[in-house]
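S.K.: Handing you this structure, nothing more for now.
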2 protein chains.
Amino acid sequence: MDVYFSPLACSMASRIALYEAGAPARYIEVDAKTKRTLDGEDFFAVNPLGLVPTIRTDDGEVLTENAAILQYIADMAPAAGLAPSGGMARSRLQQWLCFTGTELHKALFVPLFDPKTPDEAKARTLEKGESRLAYLNTYLTGREFLLDRFSVADAYLTIVLSWTRATPEIDLAAHPNVKAYLERMRARPSIAAAFALESPLFRAEVARRKAA
Amino acid sequence: MDVYFSPLACSMASRIALYEAGAPARYIEVDAKTKRTLDGEDFFAVNPLGLVPTIRTDDGEVLTENAAILQYIADMAPAAGLAPSGGMARSRLQQWLCFTGTELHKALFVPLFDPKTPDEAKARTLEKGESRLAYLNTYLTGREFLLDRFSVADAYLTIVLSWTRATPEIDLAAHPNVKAYLERMRARPSIAAAFALESPLFRAEVARRKAA
């Protein structure tokens with residue numbers, strides 16, 4: 001499998017899932033700004049939206065969108081138990097993947113990361129985002145994971161929550177269960193390994209951009 | 001099953017799926033502004049996020065988030081063929097549910113609908129949204145549906161695209177395949193029936209708000 005990723009982007013959830021599954025993959029780094037791979041390939045030719053993660057399966061199928069890719073990886077390695085196989089437990093997994101993708105990733109972090117977002121709009125985004133974090137904080141009371149064991153939804157939520165380091169406007173101190181969850185997840189071997197690998201790549205990306 | 005909905009909101013996709021499945025449900029209208037049901041029930045007590053659709057299954061489980069609910073309904077009525085049962089076809093369904101939820105619903109329409117979004121931010125939202133509609137337009141060339149037959153992803157995409165009527169900033173004339181798709185879907189009996197039922201409810205909601 002080929003995995004197109006950008007360092008510390010949401011594609012890191014795919015890496016974590018693959019580490020958990022013990023599945024090999026070829027990781028292809030995409031510069032988040034230029035949308036070219038480090039080998040100079042035009043990433044828009046692979047995914048016209050230019051979004052990571054994008055995977056190419058061993059059958060040559062190009063699949064996009066986090067919720068689809070993470071469930072694909074989980075189902076590819078059922079022994080790793082990264083997703084319930086069906087029933088209401090699977091619906092709950094989809095609920096949390098969808099919540100993380102829509103309410104946190106797209107509604108909260110994307111506007112904060114966009115340098116073109118006006119300050120007034122950022123304030124409005126934070127106001128709405130706070131209610132989502134409060135909801136999550138309540139849900140995580142007494143829970144170790146989103147479901148009853150580690151799942152691909154935790155991989156996705158962890159990378160999205162980790163972006164609070166880059167968005168000082170969001171203070172997780174107000175949401176202690178969320179803060180503790182993030183710290184717990186970051187200590188998990190697969191996640192710690194993913195950060196150890198991608199953090200230097202991210203710093204290199206930033207350095208390249210400054211040099212350009 | 002109980003289905004909490006607001007007229008012409010994304011919850012209409014759940015109604016369309018249930019019509020297609022021939023499955024009965026108790027539809028409970030939630031005022032989009034006050035977050036109370038028409039019977040005066042506090043909707044936040046059902047879903048702390050106050051978001052429709054929210055369903056309560058016959059087993060009493062409360063499930064939220066479009067992608068989860070639509071797949072739940074599809075799997076509840078396999079004979080209706082509203083979702084592929086597995087494999088790459090199911091991954092594609094999840095890809096389109098996720099694309100519609102993140103790139104169109106949350107990233108494009110939510111900021112346009114929010115009266116507190118500054119004009120400058122709206123312009124930026126439209127700029128990004130245009131590229132998503134262009135991508136969809138290319139994909140829909142020569143296709144009747146998102147997959148090879150009608151699925152819950154079409155139900156969701158149709159209601160989201162129908163919001164272009166309320167957002168004059170988006171002109172689908174620039175995306176003729178998307179425009180034709182929307183017209184085709186709106187003529188489908190289940191979808192026409194859902195609009196026929198919910199459009200008067202929407203007008204009544206607007207009238208109530210003006211009277212308040």
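So you can find residues: chains in the structure tokens are A, B, ... in the order shown, residues in each start at 1, and ligands are numbered from 1 in order.
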Taking only C-alpha atoms into account, report as a CSV table (one decimal) with N, CA and C atoms, in the first residue's frame which residues of chain A lie within 8 Å of chain B.
M.R.:
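File written: out_30.csv
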```
chain,number,residue,atom,x,y,z
A,48,PRO,N,-7.1,14.9,-6.9
A,48,PRO,CA,-7.3,16.3,-7.4
A,48,PRO,C,-7.7,17.3,-6.3
A,49,LEU,N,-8.0,16.8,-5.1
A,49,LEU,CA,-8.3,17.7,-4.0
A,49,LEU,C,-7.0,18.1,-3.3
A,63,LEU,N,-7.9,5.6,-2.7
A,63,LEU,CA,-8.9,5.9,-1.8
A,63,LEU,C,-8.6,7.1,-1.0
A,64,THR,N,-9.6,8.0,-0.8
A,64,THR,CA,-9.3,9.3,-0.1
A,64,THR,C,-10.3,9.3,1.1
A,65,GLU,N,-10.1,10.4,1.9
A,65,GLU,CA,-11.0,10.7,3.1
A,65,GLU,C,-10.6,9.8,4.3
A,66,ASN,N,-10.3,10.4,5.4
A,66,ASN,CA,-9.9,9.7,6.6
A,66,ASN,C,-10.8,8.6,7.1
A,67,ALA,N,-12.1,8.9,7.2
A,67,ALA,CA,-13.0,7.9,7.7
A,67,ALA,C,-13.0,6.6,6.9
A,68,ALA,N,-12.9,6.8,5.6
A,68,ALA,CA,-12.9,5.6,4.7
A,68,ALA,C,-11.6,4.9,4.8
A,69,ILE,N,-10.5,5.6,4.8
A,69,ILE,CA,-9.1,5.0,4.8
A,69,ILE,C,-8.9,4.3,6.1
A,71,GLN,N,-11.1,3.0,8.2
A,71,GLN,CA,-11.9,1.8,8.3
A,71,GLN,C,-11.3,0.7,7.3
A,72,TYR,N,-10.8,1.1,6.2
A,72,TYR,CA,-10.2,0.2,5.3
A,72,TYR,C,-9.0,-0.5,5.9
A,91,SER,N,-21.3,1.3,14.4
A,91,SER,CA,-21.9,2.6,14.2
A,91,SER,C,-21.3,3.7,15.2
A,92,ARG,N,-21.0,3.3,16.4
A,92,ARG,CA,-20.3,4.2,17.3
A,92,ARG,C,-18.9,4.6,16.8
A,94,GLN,N,-18.1,4.8,13.7
A,94,GLN,CA,-18.4,5.8,12.6
A,94,GLN,C,-18.8,7.1,13.1
A,95,GLN,N,-19.6,7.1,14.2
A,95,GLN,CA,-20.0,8.4,14.9
A,95,GLN,C,-18.8,9.2,15.3
A,98,CYS,N,-16.8,10.5,12.4
A,98,CYS,CA,-17.5,11.6,11.8
A,98,CYS,C,-17.5,12.9,12.6
A,99,PHE,N,-17.7,12.7,13.9
A,99,PHE,CA,-17.6,13.9,14.9
A,99,PHE,C,-16.2,14.5,14.8
A,101,GLY,N,-14.0,14.4,12.4
A,101,GLY,CA,-13.8,14.9,11.0
A,101,GLY,C,-14.6,16.2,10.8
A,102,THR,N,-15.8,16.3,11.3
A,102,THR,CA,-16.6,17.4,11.0
A,102,THR,C,-16.5,18.5,12.1
A,103,GLU,N,-16.8,18.1,13.3
A,103,GLU,CA,-16.9,19.1,14.4
A,103,GLU,C,-15.5,19.6,14.8
A,106,LYS,N,-12.6,19.9,10.7
A,106,LYS,CA,-13.0,20.8,9.7
A,106,LYS,C,-13.6,22.1,10.3
A,107,ALA,N,-14.4,22.0,11.3
A,107,ALA,CA,-15.1,23.2,11.9
A,107,ALA,C,-14.2,24.0,12.8
A,116,LYS,N,-5.5,33.1,6.2
A,116,LYS,CA,-6.4,34.0,5.6
A,116,LYS,C,-7.7,34.2,6.4
A,117,THR,N,-7.9,33.4,7.4
A,117,THR,CA,-9.2,33.5,8.2
A,117,THR,C,-9.1,34.8,9.0
A,118,PRO,N,-10.1,35.7,8.9
A,118,PRO,CA,-10.1,37.0,9.6
A,118,PRO,C,-10.2,36.7,11.1
A,120,GLU,N,-12.0,37.9,13.4
A,120,GLU,CA,-13.4,37.9,13.9
A,120,GLU,C,-14.0,36.4,13.7
A,121,ALA,N,-13.7,35.9,12.5
A,121,ALA,CA,-14.1,34.5,12.2
A,121,ALA,C,-13.5,33.5,13.1
A,124,ARG,N,-15.3,33.4,16.4
A,124,ARG,CA,-16.5,32.6,16.2
A,124,ARG,C,-16.3,31.1,16.2
A,131,SER,N,-17.6,24.3,22.7
A,131,SER,CA,-18.8,23.5,23.1
A,131,SER,C,-18.5,22.0,22.7
A,132,ARG,N,-17.8,21.9,21.6
A,132,ARG,CA,-17.4,20.5,21.1
A,132,ARG,C,-16.4,19.8,22.0
A,135,TYR,N,-18.2,18.8,25.2
A,135,TYR,CA,-18.9,17.6,25.0
A,135,TYR,C,-18.0,16.4,25.1
```
S.K.: Please return, as a ChimeraX atom specification, all residues of range 18-146 of chain A that DSSP assigns to helix (DSSP H, G or I) on the basis of the backbone.
M.R.: /A:18-21,43-45,66-76,78-80,87-113,119-139
S.K.: I'd like the contact shell of Asp2 in chain A - 7 Å cut-off, only C-alpha atoms, skipping same-chain residues fewer than 2 positions apart - returned as a list in words.
M.R.: Tyr4, Ala25, Arg26, Tyr27, Ile28, Ile55, Arg56 and Thr57 of chain A
S.K.: Write out, as a short mmCIF file (atom, residue, chain, number, x, y, z; two decimals), in the first residue's frame, the residues just selected, with C-alpha atoms.
M.R.:
```
data_model
loop_
_atom_site.label_atom_id
_atom_site.label_comp_id
_atom_site.auth_asym_id
_atom_site.auth_seq_id
_atom_site.Cartn_x
_atom_site.Cartn_y
_atom_site.Cartn_z
CA TYR A 4 0.51 9.83 0.81
CA ALA A 25 3.36 0.45 3.68
CA ARG A 26 5.29 2.78 1.42
CA TYR A 27 4.96 6.28 2.89
CA ILE A 28 5.19 9.07 0.32
CA ILE A 55 -3.82 5.69 -0.20
CA ARG A 56 -3.22 3.43 -3.17
CA THR A 57 -4.13 -0.13 -2.29
#
```
S.K.: Write out as a list in words which residues come within 12 Å of range 186-188 of chain A when counting only C-alpha atoms, dropping same-chain ones fewer than 3 positions away.
M.R.: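 After dropping sequence-adjacent residues, the list is Ile16, Tyr19, Glu20, Glu144, Phe145, Phe150, Asp154, Ala155, Leu157, Thr158, Ile159, Val160, Leu161, Ser162, Lys179, Ala180, Tyr181, Leu182, Glu183, Ile191, Ala192, Ala193, Ala194, Phe195 and Ala196 of chain A.
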S.K.: List the neighbours of Leu201 in chain A out to 10 Å using only C-alpha atoms; skip same-chain residues closer than 4 positions along the sequence, and give me the result as a list in words.
M.R.: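 Listing them by chain and then by number gives Ser6, Pro7, Leu8, Glu29, Phe195, Ala196, Leu197, Glu205, Val206 and Ala207 of chain A.
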S.K.: List the spatial neighbours of Val178 in chain A as a VMD selection string - criterion: any atom at most 8 Å away, only C-alpha atoms, same-chain residues fewer than 6 positions off excluded.
M.R.: chain A and resid 133 136 to 137 140 172
S.K.: Since we have the selection now, will you write its residues out, keeping all heavy atoms, as a short mmCIF file (atom, residue, chain, number, x, y, z; two decimals), in the first residue's frame?
M.R.:
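Writing done, so here's result_32.cif:
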```
data_model
loop_
_atom_site.label_atom_id
_atom_site.label_comp_id
_atom_site.auth_asym_id
_atom_site.auth_seq_id
_atom_site.Cartn_x
_atom_site.Cartn_y
_atom_site.Cartn_z
N LEU A 133 -15.46 20.63 22.49
CA LEU A 133 -14.46 20.09 23.42
C LEU A 133 -15.10 19.78 24.77
O LEU A 133 -14.76 18.78 25.42
CB LEU A 133 -13.30 21.08 23.57
CG LEU A 133 -12.43 21.21 22.31
CD1 LEU A 133 -11.47 22.39 22.45
CD2 LEU A 133 -11.65 19.93 22.03
N LEU A 136 -16.86 16.51 24.42
CA LEU A 136 -15.89 15.43 24.42
C LEU A 136 -15.37 15.19 25.84
O LEU A 136 -15.20 14.04 26.28
CB LEU A 136 -14.74 15.80 23.47
CG LEU A 136 -13.68 14.74 23.23
CD1 LEU A 136 -14.27 13.48 22.62
CD2 LEU A 136 -12.59 15.31 22.31
N ASN A 137 -15.14 16.28 26.56
CA ASN A 137 -14.63 16.18 27.92
C ASN A 137 -15.59 15.39 28.82
O ASN A 137 -15.18 14.52 29.58
CB ASN A 137 -14.41 17.57 28.50
CG ASN A 137 -13.59 17.54 29.77
OD1 ASN A 137 -12.44 17.14 29.76
ND2 ASN A 137 -14.21 17.91 30.88
N LEU A 140 -15.54 11.67 27.87
CA LEU A 140 -14.31 10.94 28.25
C LEU A 140 -14.18 10.70 29.76
O LEU A 140 -13.24 10.03 30.19
CB LEU A 140 -13.07 11.67 27.72
CG LEU A 140 -12.84 11.57 26.20
CD1 LEU A 140 -11.69 12.47 25.78
CD2 LEU A 140 -12.57 10.12 25.77
N LEU A 172 -6.41 23.30 26.53
CA LEU A 172 -7.06 22.07 26.99
C LEU A 172 -7.17 21.99 28.51
O LEU A 172 -7.85 21.10 29.03
CB LEU A 172 -6.34 20.83 26.44
CG LEU A 172 -6.55 20.54 24.95
CD1 LEU A 172 -5.92 19.20 24.58
CD2 LEU A 172 -8.04 20.52 24.58
#
```
S.K.: Of the candidates B:Arg184, B:Ala21, B:Lys128, B:Glu198, which one gets nearest to Ala74 in chain B if we count only C-alpha atoms?
M.R.: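 Of B:Arg184, B:Ala21, B:Lys128, B:Glu198, the one nearest Ala74 in chain B, counting only C-alpha atoms, is B:Ala21.
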S.K.: From a DSSP calculation on the backbone, collect every residue of range 17-174 of chain A in strand (DSSP E or B) and output the set as a ChimeraX atom specification.
M.R.: /A:26-30,36-37,42,54-56,62-64
S.K.: Grab the residues selected above and save them as an mmCIF file, in the first residue's frame with N, CA, C and O atoms.
M.R.:
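As written to disk, result_24.cif reads:
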```
data_model
loop_
_atom_site.group_PDB
_atom_site.id
_atom_site.type_symbol
_atom_site.label_atom_id
_atom_site.label_comp_id
_atom_site.auth_asym_id
_atom_site.auth_seq_id
_atom_site.Cartn_x
_atom_site.Cartn_y
_atom_site.Cartn_z
ATOM 1 N N ARG A 26 4.309 1.845 1.953
ATOM 2 C CA ARG A 26 5.288 2.785 1.416
ATOM 3 C C ARG A 26 4.733 4.174 1.698
ATOM 4 O O ARG A 26 3.649 4.523 1.215
ATOM 5 N N TYR A 27 5.438 4.946 2.514
ATOM 6 C CA TYR A 27 4.963 6.283 2.891
ATOM 7 C C TYR A 27 5.576 7.302 1.945
ATOM 8 O O TYR A 27 6.798 7.359 1.793
ATOM 9 N N ILE A 28 4.722 8.087 1.305
ATOM 10 C CA ILE A 28 5.185 9.066 0.322
ATOM 11 C C ILE A 28 4.851 10.462 0.849
ATOM 12 O O ILE A 28 3.665 10.812 1.002
ATOM 13 N N GLU A 29 5.886 11.235 1.113
ATOM 14 C CA GLU A 29 5.666 12.552 1.723
ATOM 15 C C GLU A 29 5.254 13.585 0.684
ATOM 16 O O GLU A 29 5.878 13.719 -0.375
ATOM 17 N N VAL A 30 4.195 14.318 1.025
ATOM 18 C CA VAL A 30 3.677 15.384 0.162
ATOM 19 C C VAL A 30 3.921 16.712 0.877
ATOM 20 O O VAL A 30 3.540 16.861 2.045
ATOM 21 N N ARG A 36 3.490 18.798 -3.934
ATOM 22 C CA ARG A 36 4.353 17.877 -4.684
ATOM 23 C C ARG A 36 4.954 16.892 -3.697
ATOM 24 O O ARG A 36 5.188 17.221 -2.537
ATOM 25 N N THR A 37 5.197 15.695 -4.174
ATOM 26 C CA THR A 37 5.894 14.738 -3.307
ATOM 27 C C THR A 37 7.354 15.166 -3.238
ATOM 28 O O THR A 37 7.816 15.974 -4.063
ATOM 29 N N ASP A 42 3.552 15.381 -9.006
ATOM 30 C CA ASP A 42 2.412 16.281 -8.805
ATOM 31 C C ASP A 42 1.313 15.519 -8.062
ATOM 32 O O ASP A 42 0.668 14.637 -8.627
ATOM 33 N N THR A 54 -4.134 10.037 1.378
ATOM 34 C CA THR A 54 -4.654 9.353 0.203
ATOM 35 C C THR A 54 -3.876 8.051 0.162
ATOM 36 O O THR A 54 -2.670 8.056 0.397
ATOM 37 N N ILE A 55 -4.558 6.955 -0.088
ATOM 38 C CA ILE A 55 -3.817 5.688 -0.198
ATOM 39 C C ILE A 55 -4.028 5.078 -1.574
ATOM 40 O O ILE A 55 -5.014 5.391 -2.262
ATOM 41 N N ARG A 56 -3.051 4.263 -1.983
ATOM 42 C CA ARG A 56 -3.220 3.432 -3.171
ATOM 43 C C ARG A 56 -3.076 2.008 -2.668
ATOM 44 O O ARG A 56 -2.045 1.623 -2.118
ATOM 45 N N VAL A 62 -7.209 4.007 -5.661
ATOM 46 C CA VAL A 62 -6.893 5.217 -4.896
ATOM 47 C C VAL A 62 -8.097 5.541 -4.009
ATOM 48 O O VAL A 62 -9.213 5.678 -4.501
ATOM 49 N N LEU A 63 -7.861 5.605 -2.710
ATOM 50 C CA LEU A 63 -8.941 5.885 -1.756
ATOM 51 C C LEU A 63 -8.583 7.143 -0.973
ATOM 52 O O LEU A 63 -7.432 7.319 -0.570
ATOM 53 N N THR A 64 -9.563 8.006 -0.788
ATOM 54 C CA THR A 64 -9.341 9.261 -0.061
ATOM 55 C C THR A 64 -10.299 9.337 1.123
ATOM 56 O O THR A 64 -11.199 8.509 1.262
#
```
